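*Asks:* Input structure: final_32.csv, which contains CSV, C-alpha atoms and all ligand atoms.
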chain,number,residue,atom,x,y,z
N,1,MET,CA,14.0,-70.3,-9.1
N,2,LEU,CA,14.2,-66.6,-10.2
N,3,SER,CA,15.0,-64.0,-7.6
N,4,THR,CA,13.3,-60.5,-7.6
N,5,SER,CA,16.6,-59.0,-8.9
N,6,HIS,CA,16.2,-61.1,-12.1
N,7,THR,CA,12.6,-59.9,-12.8
N,8,VAL,CA,12.5,-58.9,-16.4
N,9,ARG,CA,10.2,-56.0,-17.4
N,10,GLY,CA,8.0,-56.4,-20.4
N,11,PRO,CA,8.0,-54.1,-23.4
N,12,PHE,CA,4.9,-52.2,-22.1
N,13,SER,CA,6.0,-51.9,-18.4
N,14,ARG,CA,6.1,-48.0,-18.5
N,15,SER,CA,2.9,-46.9,-20.1
N,16,THR,CA,0.8,-50.0,-20.4
N,17,ARG,CA,-0.2,-52.9,-18.1
N,18,SER,CA,1.0,-56.5,-18.7
N,19,ASN,CA,-2.2,-57.3,-20.6
N,20,GLY,CA,-1.6,-54.4,-22.9
N,21,ALA,CA,-4.1,-52.0,-21.4
N,22,ALA,CA,-3.0,-48.3,-21.0
N,23,ILE,CA,-2.3,-47.1,-17.4
N,24,PRO,CA,-4.7,-44.3,-16.4
N,25,ALA,CA,-3.3,-40.8,-16.5
N,26,ARG,CA,-4.3,-40.3,-12.8
N,27,ARG,CA,-2.2,-43.2,-11.7
N,28,LYS,CA,0.8,-42.0,-13.8
N,29,ARG,CA,0.5,-38.5,-12.2
N,30,ARG,CA,0.3,-40.0,-8.7
N,31,ALA,CA,3.4,-42.0,-9.5
N,32,ALA,CA,5.2,-38.9,-10.7
N,33,GLU,CA,4.2,-37.0,-7.6
N,34,GLY,CA,5.5,-39.8,-5.4
N,35,SER,CA,8.8,-39.9,-7.2
N,36,ARG,CA,9.1,-36.1,-6.8
N,37,LEU,CA,8.5,-36.4,-3.1
N,38,ASN,CA,11.0,-39.2,-2.7
N,39,ARG,CA,13.6,-37.1,-4.6
N,40,ARG,CA,13.0,-34.2,-2.3
N,41,LYS,CA,13.3,-36.4,0.8
N,42,ARG,CA,16.6,-37.8,-0.6
N,43,GLN,CA,17.9,-34.2,-1.2
N,44,GLU,CA,16.9,-33.2,2.3
N,45,LEU,CA,18.6,-36.2,3.8
N,46,LYS,CA,21.8,-35.5,1.8
N,47,TYR,CA,21.7,-31.9,2.9
N,48,TRP,CA,21.6,-32.8,6.6
N,49,LYS,CA,24.3,-35.5,6.2
N,50,ARG,CA,26.6,-33.1,4.5
N,51,ARG,CA,25.9,-30.4,7.1
N,52,ALA,CA,26.6,-32.9,9.9
N,53,THR,CA,29.9,-33.8,8.4
N,54,GLY,CA,30.9,-30.1,8.1
N,55,VAL,CA,31.3,-29.7,4.4
N,56,CYS,CA,29.6,-27.4,1.8
N,57,VAL,CA,26.1,-28.6,1.3
N,58,ASP,CA,26.1,-27.8,-2.5
N,59,GLY,CA,26.4,-30.9,-4.7
N,60,ARG,CA,29.6,-32.9,-4.1
N,61,CYS,CA,31.7,-29.9,-3.1
N,62,ALA,CA,34.4,-30.9,-0.6
N,63,ASN,CA,35.2,-27.4,0.6
N,64,LYS,CA,34.6,-26.1,4.1
N,65,PRO,CA,31.6,-23.8,4.5
N,66,GLU,CA,32.1,-20.1,5.4
N,67,VAL,CA,31.6,-19.1,9.0
N,68,GLY,CA,27.9,-18.8,9.8
N,69,HIS,CA,26.9,-20.4,6.4
N,70,THR,CA,26.3,-23.8,5.0
N,71,ARG,CA,28.1,-23.2,1.7
N,72,CYS,CA,31.6,-22.4,0.7
N,73,GLY,CA,32.5,-19.0,-0.6
N,74,LYS,CA,32.3,-20.0,-4.3
N,75,HIS,CA,28.8,-21.5,-3.9
N,76,LEU,CA,27.6,-18.6,-1.8
N,77,ARG,CA,28.6,-16.2,-4.6
N,78,GLN,CA,26.9,-18.5,-7.2
N,79,MET,CA,23.7,-18.6,-5.1
N,80,SER,CA,23.7,-14.8,-4.6
N,81,GLN,CA,24.1,-14.2,-8.3
N,82,CYS,CA,21.3,-16.7,-9.0
N,83,VAL,CA,18.9,-14.9,-6.5
N,84,THR,CA,19.8,-11.5,-7.9
N,85,LYS,CA,19.2,-12.6,-11.5
N,86,ARG,CA,15.8,-14.1,-10.5
N,87,ARG,CA,14.8,-11.0,-8.6
N,88,ASN,CA,15.8,-8.7,-11.5
N,89,GLU,CA,13.8,-10.9,-14.0
N,90,ARG,CA,10.7,-10.8,-11.8
N,91,MET,CA,11.0,-7.0,-11.3
N,92,ALA,CA,11.3,-6.5,-15.1
N,93,GLN,CA,8.1,-8.6,-15.6
N,94,GLY,CA,6.3,-6.7,-12.9
N,95,LEU,CA,5.9,-9.7,-10.7
N,96,CYS,CA,6.3,-10.2,-6.9
N,97,ILE,CA,10.0,-10.8,-6.1
N,98,VAL,CA,9.1,-13.4,-3.4
N,99,CYS,CA,6.5,-15.7,-5.0
N,100,GLY,CA,7.0,-14.7,-8.7
N,101,GLU,CA,3.3,-15.5,-9.4
N,102,ARG,CA,1.2,-12.5,-8.5
N,103,PRO,CA,1.7,-8.9,-9.7
N,104,LYS,CA,3.6,-6.5,-7.4
N,105,PHE,CA,1.4,-4.1,-5.3
N,106,TRP,CA,2.9,-0.6,-4.5
N,107,GLY,CA,6.4,-2.1,-4.1
N,108,HIS,CA,8.4,-5.2,-5.0
N,109,ARG,CA,6.0,-7.7,-3.3
N,110,CYS,CA,2.5,-8.7,-3.9
N,111,ILE,CA,-0.2,-8.0,-1.3
N,112,ILE,CA,0.0,-11.5,0.1
N,113,CYS,CA,3.8,-11.7,0.4
N,114,HIS,CA,3.8,-8.2,2.0
N,115,GLN,CA,1.7,-9.3,5.0
N,116,PRO,CA,4.2,-11.5,6.9
N,117,CYS,CA,7.0,-8.9,6.8
N,118,SER,CA,5.0,-5.8,7.8
N,119,LYS,CA,2.8,-4.7,10.7
N,120,ASN,CA,0.5,-2.8,8.4
N,121,PRO,CA,-1.5,-4.7,5.7
N,122,LEU,CA,-1.0,-1.9,3.2
N,123,PRO,CA,2.4,-0.9,1.9
N,124,TYR,CA,3.8,2.5,2.8
N,125,ARG,CA,3.4,3.9,-0.7
N,126,ALA,CA,-0.2,2.9,-0.9
N,127,ARG,CA,-0.9,4.5,2.5
N,128,ARG,CA,0.9,7.7,1.4
N,129,ALA,CA,-1.1,7.8,-1.8
N,130,LEU,CA,-4.4,7.4,0.1
N,131,ARG,CA,-3.5,10.1,2.6
N,132,LEU,CA,-2.5,12.6,-0.2
N,133,TYR,CA,-5.7,11.8,-2.0
N,134,ARG,CA,-7.8,12.5,1.1
N,135,GLU,CA,-5.9,15.7,1.8
N,136,ALA,CA,-6.4,16.9,-1.8
N,137,GLU,CA,-10.1,16.0,-1.6
N,138,SER,CA,-10.6,17.9,1.7
N,139,LEU,CA,-8.7,20.9,0.3
N,140,TYR,CA,-10.9,20.9,-2.8
N,141,ASP,CA,-14.1,20.7,-0.7
N,142,ALA,CA,-12.8,23.6,1.5
N,143,ASP,CA,-12.0,25.8,-1.5
N,144,TRP,CA,-15.4,25.1,-3.1
N,145,ILE,CA,-17.2,25.9,0.2
N,146,GLN,CA,-15.3,29.1,0.6
N,147,ALA,CA,-15.9,30.2,-3.0
N,148,LYS,CA,-19.6,29.6,-2.6
N,149,ALA,CA,-19.7,31.4,0.8
N,150,ARG,CA,-17.9,34.5,-0.8
N,151,LEU,CA,-20.5,34.7,-3.5
N,152,ALA,CA,-23.3,34.6,-0.8
N,153,VAL,CA,-21.4,37.4,1.1
N,154,ARG,CA,-21.2,39.6,-2.0
N,155,LYS,CA,-25.0,39.1,-2.6
N,156,LEU,CA,-25.7,39.9,1.1
N,157,LEU,CA,-23.7,43.1,1.0
N,158,ALA,CA,-25.2,44.1,-2.4
N,159,SER,CA,-28.7,43.6,-0.9
N,160,GLY,CA,-28.0,46.3,1.7
N,161,GLU,CA,-29.2,44.2,4.6
N,162,ILE,CA,-25.8,44.5,6.3
N,163,ASN,CA,-24.4,48.1,6.7
N,164,GLY,CA,-21.8,50.1,8.5
N,165,ASN,CA,-19.2,48.4,10.7
N,166,ALA,CA,-20.9,45.0,10.4
N,167,ALA,CA,-20.5,45.2,6.6
N,168,LYS,CA,-16.9,46.3,6.9
N,169,ALA,CA,-16.2,43.4,9.4
N,170,LEU,CA,-17.9,40.9,7.1
N,171,ARG,CA,-15.9,42.1,4.1
N,172,LEU,CA,-12.7,41.7,6.0
N,173,TYR,CA,-13.7,38.4,7.6
N,174,ALA,CA,-14.7,36.8,4.2
N,175,GLY,CA,-11.5,38.2,2.6
N,176,LEU,CA,-13.3,39.7,-0.4
N,177,ASP,CA,-10.3,41.8,-1.1
N,178,SER,CA,-7.4,39.6,0.2
N,179,GLY,CA,-8.8,36.2,-0.9
N,180,LYS,CA,-8.2,34.7,2.6
N,181,TRP,CA,-10.6,34.1,5.4
N,182,TRP,CA,-9.5,36.2,8.4
N,183,THR,CA,-10.0,35.3,12.1
N,184,TYR,CA,-11.9,37.5,14.6
N,185,SER,CA,-8.6,38.6,16.1
N,186,GLU,CA,-7.2,39.7,12.7
N,187,VAL,CA,-10.4,41.6,11.8
N,188,GLY,CA,-10.3,43.2,15.3
N,189,GLU,CA,-6.7,44.4,14.8
N,190,LEU,CA,-7.5,45.9,11.4
N,191,MET,CA,-10.6,47.7,12.8
N,192,HIS,CA,-9.1,48.5,16.1
N,193,ILE,CA,-11.8,46.8,18.1
N,194,SER,CA,-11.9,43.7,20.4
N,195,LYS,CA,-12.4,40.1,19.2
N,196,GLU,CA,-15.7,39.9,21.1
N,197,TRP,CA,-17.0,43.1,19.4
N,198,VAL,CA,-16.1,41.5,16.0
N,199,ARG,CA,-18.1,38.4,17.0
N,200,ARG,CA,-21.1,40.5,17.8
N,201,LEU,CA,-20.8,42.5,14.5
N,202,LEU,CA,-20.6,39.3,12.5
N,203,GLU,CA,-23.4,37.4,14.3
N,204,PRO,CA,-26.3,38.6,12.2
N,205,SER,CA,-24.4,38.1,9.0
N,206,LYS,CA,-23.5,34.6,9.9
N,207,ILE,CA,-27.1,33.8,10.8
N,208,ALA,CA,-28.2,35.1,7.4
N,209,LEU,CA,-25.4,33.2,5.5
N,210,GLY,CA,-26.2,30.1,7.5
N,211,SER,CA,-29.9,30.2,6.3
N,212,ILE,CA,-28.7,30.5,2.7
N,213,LEU,CA,-25.8,28.0,2.7
N,214,GLY,CA,-27.0,25.5,5.3
N,215,ASP,CA,-24.2,23.3,6.6
N,216,ASN,CA,-21.7,24.3,3.9
N,217,VAL,CA,-20.3,27.3,5.6
N,218,PRO,CA,-16.5,27.8,5.8
N,219,TRP,CA,-16.3,28.7,9.5
N,220,ARG,CA,-17.8,25.4,10.5
N,221,THR,CA,-15.7,23.4,8.0
N,222,GLU,CA,-12.5,25.2,8.9
N,223,CYS,CA,-13.1,24.9,12.6
N,224,ARG,CA,-12.0,21.3,12.2
N,225,THR,CA,-8.8,22.2,10.3
N,226,GLN,CA,-7.7,25.8,10.7
N,227,ARG,CA,-10.1,27.1,13.4
N,228,VAL,CA,-11.0,30.2,11.4
N,229,GLY,CA,-13.2,32.7,13.3
N,230,ARG,CA,-12.1,31.7,16.8
C,301,ZN,ZN,31.0,-25.4,-2.2
C,302,ZN,ZN,4.1,-12.7,-3.7
Hey, can you dump this file as structure tokens for me?
*Replies:*
Amino acid sequence: MLSTSHTVRGPFSRSTRSNGAAIPARRKRRAAEGSRLNRRKRQELKYWKRRATGVCVDGRCANKPEVGHTRCGKHLRQMSQCVTKRRNERMAQGLCIVCGERPKFWGHRCIICHQPCSKNPLPYRARRALRLYREAESLYDADWIQAKARLAVRKLLASGEINGNAAKALRLYAGLDSGKWWTYSEVGELMHISKEWVRRLLEPSKIALGSILGDNVPWRTECRTQRVGR
């Protein structure tokens, strides 16, 4: 009687069945996956056995591991060199240094690998770029509104509707000569009058300009940032 150890494999045992029919690709793939899993389990078991016996866990190394590590000095250096090489390769290819699959996003990691190691979902550089963009956009809007308002002030003064001290205050306030919008206090200092008197002088001009420009007036926009006029 033959034992199981004496079982002889046929010539088609790997890729074909005993009757000569081909083994389906799905079955072969499942067998390969099973073998890979078994190999991994064996490696894990070997790792924990070597760790329990107090030797370096790398291969068949018989050296003692470094304090606080599971590998000896030689294998720690090898591992470090390997990790550095892989990191440099991924950086050169523009890939995430953690997964090596997705492109990097405003740093060395992809947006997915960035999440677990940071409180903020967006990297610092991306947040900084967004902030600078918003600041530039608001500055551009403010400049555009001021330029449009100055044009309206020039037209108002040219029409002759505003005269005397009111015209002088408006000219200073809009910065037609200096290029800068002044506050009530600054205009008052230049004209040697109080801040409240400046406000009264400018009130009719501001009403007229408001009817021309609508909401796009610099004193309302700048109230939020520079508080011009108050
Ligand atoms: Zn070792
Ligand atoms: Zn990644």
*Asks:* Quick one: pull the distance between atom CA of N:Lys85 and atom CA of N:Glu44, Å, one decimal.
*Replies:*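 A separation of 24.9 Å between them.
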*Asks:* Please produce, as a Markdown table, a per-residue contact table for chain N versus ligand ZN 301 (chain C) (criterion: any atom at most 8 Å away, all atoms listed in the file considered), showing the nearest atom pair and its distance in Å to one decimal, sorted by chain then residue number.
*Replies:*
| residue | atom | partner | partner_atom | distance |
| --- | --- | --- | --- | --- |
| N:Val55 | CA | C:ZN301 | ZN | 7.9 |
| N:Cys56 | CA | C:ZN301 | ZN | 4.7 |
| N:Val57 | CA | C:ZN301 | ZN | 6.8 |
| N:Asp58 | CA | C:ZN301 | ZN | 5.5 |
| N:Gly59 | CA | C:ZN301 | ZN | 7.6 |
| N:Arg60 | CA | C:ZN301 | ZN | 7.9 |
| N:Cys61 | CA | C:ZN301 | ZN | 4.6 |
| N:Ala62 | CA | C:ZN301 | ZN | 6.7 |
| N:Asn63 | CA | C:ZN301 | ZN | 5.4 |
| N:Lys64 | CA | C:ZN301 | ZN | 7.3 |
| N:Pro65 | CA | C:ZN301 | ZN | 6.9 |
| N:Arg71 | CA | C:ZN301 | ZN | 5.3 |
| N:Cys72 | CA | C:ZN301 | ZN | 4.2 |
| N:Gly73 | CA | C:ZN301 | ZN | 6.8 |
| N:Lys74 | CA | C:ZN301 | ZN | 5.9 |
| N:His75 | CA | C:ZN301 | ZN | 4.8 |
| N:Leu76 | CA | C:ZN301 | ZN | 7.6 |
*Asks:* Considering all atoms listed in the file, state which residue in the set N:Gly34, N:Pro116, N:Gly54, N:Pro24 is at the smallest distance from ligand ZN 302 (chain C).
*Replies:* N:Pro116
*Asks:* Considering all atoms listed in the file, return as a ChimeraX atom specification whatever protein or nucleic-acid residues lie within 12 Å of N:Lys168, sequence-local ones (same chain, fewer than 3 positions apart) excluded.
*Replies:* /N:153-154,157,162-165,171-177,187-188,190-191,198,201-202,205
*Asks:* Go through the chains and note each residue within 6 Å of ligand ZN 302 (chain C), using all atoms listed in the file, then give the set as a PyMOL selection string.
*Replies:* chain N and resi 96+98-99+102+109-110+112-113
*Asks:* For the point (1.6, 1.0, -4.8) in file coordinates, what residues are within 8 Å, counting all atoms listed in the file? Give the answer as a list in words?
*Replies:* Phe105, Trp106, Gly107, Pro123, Arg125, Ala126 and Ala129 of chain N
*Asks:* Can I get the selection written as an mmCIF file, in the coordinates of the input, with C-alpha atoms?
*Replies:*
data_model
loop_
_atom_site.group_PDB
_atom_site.id
_atom_site.type_symbol
_atom_site.label_atom_id
_atom_site.label_comp_id
_atom_site.auth_asym_id
_atom_site.auth_seq_id
_atom_site.Cartn_x
_atom_site.Cartn_y
_atom_site.Cartn_z
ATOM 1 C CA PHE N 105 1.400 -4.100 -5.300
ATOM 2 C CA TRP N 106 2.900 -0.600 -4.500
ATOM 3 C CA GLY N 107 6.400 -2.100 -4.100
ATOM 4 C CA PRO N 123 2.400 -0.900 1.900
ATOM 5 C CA ARG N 125 3.400 3.900 -0.700
ATOM 6 C CA ALA N 126 -0.200 2.900 -0.900
ATOM 7 C CA ALA N 129 -1.100 7.800 -1.800
#
*Asks:* Pick the closest to N:Arg199 from N:Glu66, N:Glu33, N:Asp141, N:Glu186: which is it, counting only C-alpha atoms?
*Replies:*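 The closest residue to N:Arg199 is N:Glu186.
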*Asks:* Atom CA of N:Ala152 and atom CA of N:Glu196 are how many Å apart?
*Replies:* 23.8 Å
*Asks:* Go ahead and compute the interatomic distance for atom CA of N:Arg86 and atom CA of N:Arg50, in Å to one decimal.
*Replies:* 26.5 Å
*Asks:* Nearest residue to N:Asp215 out of N:Trp197, N:Leu122, N:Leu156, N:Ala149, using only C-alpha atoms?
*Replies:* N:Ala149
*Asks:* Looking at N:Gln146, N:Ser178, N:Ser159, N:Ser185, which one is nearest to N:Leu213, with distances taken over all atoms listed in the file?
*Replies:*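 Of all the options, N:Gln146 lies closest to N:Leu213.
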*Asks:* Using all atoms listed in the file, which protein or nucleic acid residues come within 10 Å of N:Pro204? Drop anything in the same chain fewer than 6 positions from it, and give the result as a compact mmCIF listing (two decimals) with C-alpha atoms, in the coordinates of the input.
*Replies:*
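Full text of around_33.txt as output:
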# COMPACT_ATOMS: atom_id res chain seq x y z
CA GLU N 161 -29.20 44.20 4.60
CA ILE N 162 -25.80 44.50 6.30
CA ALA N 166 -20.90 45.00 10.40
CA GLY N 210 -26.20 30.10 7.50
*Asks:* Starting from the sparse input, extend stretch 102-129 of chain N to N, CA and C atoms and give the output as a PDB file, keeping the file's coordinate frame.
*Replies:*
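Resulting contents of result.pdb:
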ATOM      1  N   ARG N 102       2.211 -13.564  -8.471  1.00  0.00           N
ATOM      2  CA  ARG N 102       1.200 -12.500  -8.500  1.00  0.00           C
ATOM      3  C   ARG N 102       1.907 -11.149  -8.863  1.00  0.00           C
ATOM      4  N   PRO N 103       1.140 -10.174  -9.376  1.00  0.00           N
ATOM      5  CA  PRO N 103       1.700  -8.900  -9.700  1.00  0.00           C
ATOM      6  C   PRO N 103       2.112  -8.118  -8.419  1.00  0.00           C
ATOM      7  N   LYS N 104       3.138  -7.252  -8.538  1.00  0.00           N
ATOM      8  CA  LYS N 104       3.600  -6.500  -7.400  1.00  0.00           C
ATOM      9  C   LYS N 104       2.510  -5.404  -7.046  1.00  0.00           C
ATOM     10  N   PHE N 105       2.457  -5.028  -5.763  1.00  0.00           N
ATOM     11  CA  PHE N 105       1.400  -4.100  -5.300  1.00  0.00           C
ATOM     12  C   PHE N 105       2.107  -2.955  -4.535  1.00  0.00           C
ATOM     13  N   TRP N 106       2.292  -1.799  -5.162  1.00  0.00           N
ATOM     14  CA  TRP N 106       2.900  -0.600  -4.500  1.00  0.00           C
ATOM     15  C   TRP N 106       4.237  -0.951  -3.900  1.00  0.00           C
ATOM     16  N   GLY N 107       5.056  -1.693  -4.588  1.00  0.00           N
ATOM     17  CA  GLY N 107       6.400  -2.100  -4.100  1.00  0.00           C
ATOM     18  C   GLY N 107       6.893  -3.241  -4.853  1.00  0.00           C
ATOM     19  N   HIS N 108       7.803  -4.015  -4.267  1.00  0.00           N
ATOM     20  CA  HIS N 108       8.400  -5.200  -5.000  1.00  0.00           C
ATOM     21  C   HIS N 108       7.644  -6.469  -4.648  1.00  0.00           C
ATOM     22  N   ARG N 109       6.753  -6.442  -3.643  1.00  0.00           N
ATOM     23  CA  ARG N 109       6.000  -7.700  -3.300  1.00  0.00           C
ATOM     24  C   ARG N 109       4.566  -7.567  -3.615  1.00  0.00           C
ATOM     25  N   CYS N 110       3.907  -8.746  -3.718  1.00  0.00           N
ATOM     26  CA  CYS N 110       2.500  -8.700  -3.900  1.00  0.00           C
ATOM     27  C   CYS N 110       1.794  -8.512  -2.544  1.00  0.00           C
ATOM     28  N   ILE N 111       0.488  -8.307  -2.542  1.00  0.00           N
ATOM     29  CA  ILE N 111      -0.200  -8.000  -1.300  1.00  0.00           C
ATOM     30  C   ILE N 111      -0.149  -9.132  -0.290  1.00  0.00           C
ATOM     31  N   ILE N 112      -0.078 -10.373  -0.801  1.00  0.00           N
ATOM     32  CA  ILE N 112       0.000 -11.500   0.100  1.00  0.00           C
ATOM     33  C   ILE N 112       1.340 -11.671   0.728  1.00  0.00           C
ATOM     34  N   CYS N 113       2.400 -11.540  -0.081  1.00  0.00           N
ATOM     35  CA  CYS N 113       3.800 -11.700   0.400  1.00  0.00           C
ATOM     36  C   CYS N 113       4.168 -10.496   1.302  1.00  0.00           C
ATOM     37  N   HIS N 114       3.435  -9.372   1.166  1.00  0.00           N
ATOM     38  CA  HIS N 114       3.800  -8.200   2.000  1.00  0.00           C
ATOM     39  C   HIS N 114       3.331  -8.406   3.440  1.00  0.00           C
ATOM     40  N   GLN N 115       2.260  -9.212   3.657  1.00  0.00           N
ATOM     41  CA  GLN N 115       1.700  -9.300   5.000  1.00  0.00           C
ATOM     42  C   GLN N 115       2.638  -9.841   6.065  1.00  0.00           C
ATOM     43  N   PRO N 116       3.371 -10.948   5.845  1.00  0.00           N
ATOM     44  CA  PRO N 116       4.200 -11.500   6.900  1.00  0.00           C
ATOM     45  C   PRO N 116       5.347 -10.566   7.364  1.00  0.00           C
ATOM     46  N   CYS N 117       5.800  -9.671   6.463  1.00  0.00           N
ATOM     47  CA  CYS N 117       7.000  -8.900   6.800  1.00  0.00           C
ATOM     48  C   CYS N 117       6.650  -7.442   7.182  1.00  0.00           C
ATOM     49  N   SER N 118       5.377  -7.165   7.459  1.00  0.00           N
ATOM     50  CA  SER N 118       5.000  -5.800   7.800  1.00  0.00           C
ATOM     51  C   SER N 118       3.880  -5.808   8.853  1.00  0.00           C
ATOM     52  N   LYS N 119       3.873  -4.790   9.711  1.00  0.00           N
ATOM     53  CA  LYS N 119       2.800  -4.700  10.700  1.00  0.00           C
ATOM     54  C   LYS N 119       1.512  -4.207  10.048  1.00  0.00           C
ATOM     55  N   ASN N 120       1.666  -3.360   9.026  1.00  0.00           N
ATOM     56  CA  ASN N 120       0.500  -2.800   8.400  1.00  0.00           C
ATOM     57  C   ASN N 120       0.142  -3.603   7.118  1.00  0.00           C
ATOM     58  N   PRO N 121      -1.134  -3.942   6.920  1.00  0.00           N
ATOM     59  CA  PRO N 121      -1.500  -4.700   5.700  1.00  0.00           C
ATOM     60  C   PRO N 121      -1.261  -4.018   4.411  1.00  0.00           C
ATOM     61  N   LEU N 122      -1.268  -2.674   4.424  1.00  0.00           N
ATOM     62  CA  LEU N 122      -1.000  -1.900   3.200  1.00  0.00           C
ATOM     63  C   LEU N 122       0.396  -1.414   3.137  1.00  0.00           C
ATOM     64  N   PRO N 123       1.068  -1.483   1.987  1.00  0.00           N
ATOM     65  CA  PRO N 123       2.400  -0.900   1.900  1.00  0.00           C
ATOM     66  C   PRO N 123       2.448   0.565   2.128  1.00  0.00           C
ATOM     67  N   TYR N 124       3.636   1.087   2.499  1.00  0.00           N
ATOM     68  CA  TYR N 124       3.800   2.500   2.800  1.00  0.00           C
ATOM     69  C   TYR N 124       3.354   3.409   1.687  1.00  0.00           C
ATOM     70  N   ARG N 125       3.750   3.044   0.461  1.00  0.00           N
ATOM     71  CA  ARG N 125       3.400   3.900  -0.700  1.00  0.00           C
ATOM     72  C   ARG N 125       1.925   3.982  -0.923  1.00  0.00           C
ATOM     73  N   ALA N 126       1.235   2.866  -0.722  1.00  0.00           N
ATOM     74  CA  ALA N 126      -0.200   2.900  -0.900  1.00  0.00           C
ATOM     75  C   ALA N 126      -0.882   3.740   0.158  1.00  0.00           C
ATOM     76  N   ARG N 127      -0.379   3.635   1.403  1.00  0.00           N
ATOM     77  CA  ARG N 127      -0.900   4.500   2.500  1.00  0.00           C
ATOM     78  C   ARG N 127      -0.697   5.940   2.220  1.00  0.00           C
ATOM     79  N   ARG N 128       0.509   6.267   1.706  1.00  0.00           N
ATOM     80  CA  ARG N 128       0.900   7.700   1.400  1.00  0.00           C
ATOM     81  C   ARG N 128      -0.051   8.213   0.309  1.00  0.00           C
ATOM     82  N   ALA N 129      -0.267   7.403  -0.727  1.00  0.00           N
ATOM     83  CA  ALA N 129      -1.100   7.800  -1.800  1.00  0.00           C
ATOM     84  C   ALA N 129      -2.556   8.079  -1.352  1.00  0.00           C
TER      85      ALA N 129
END
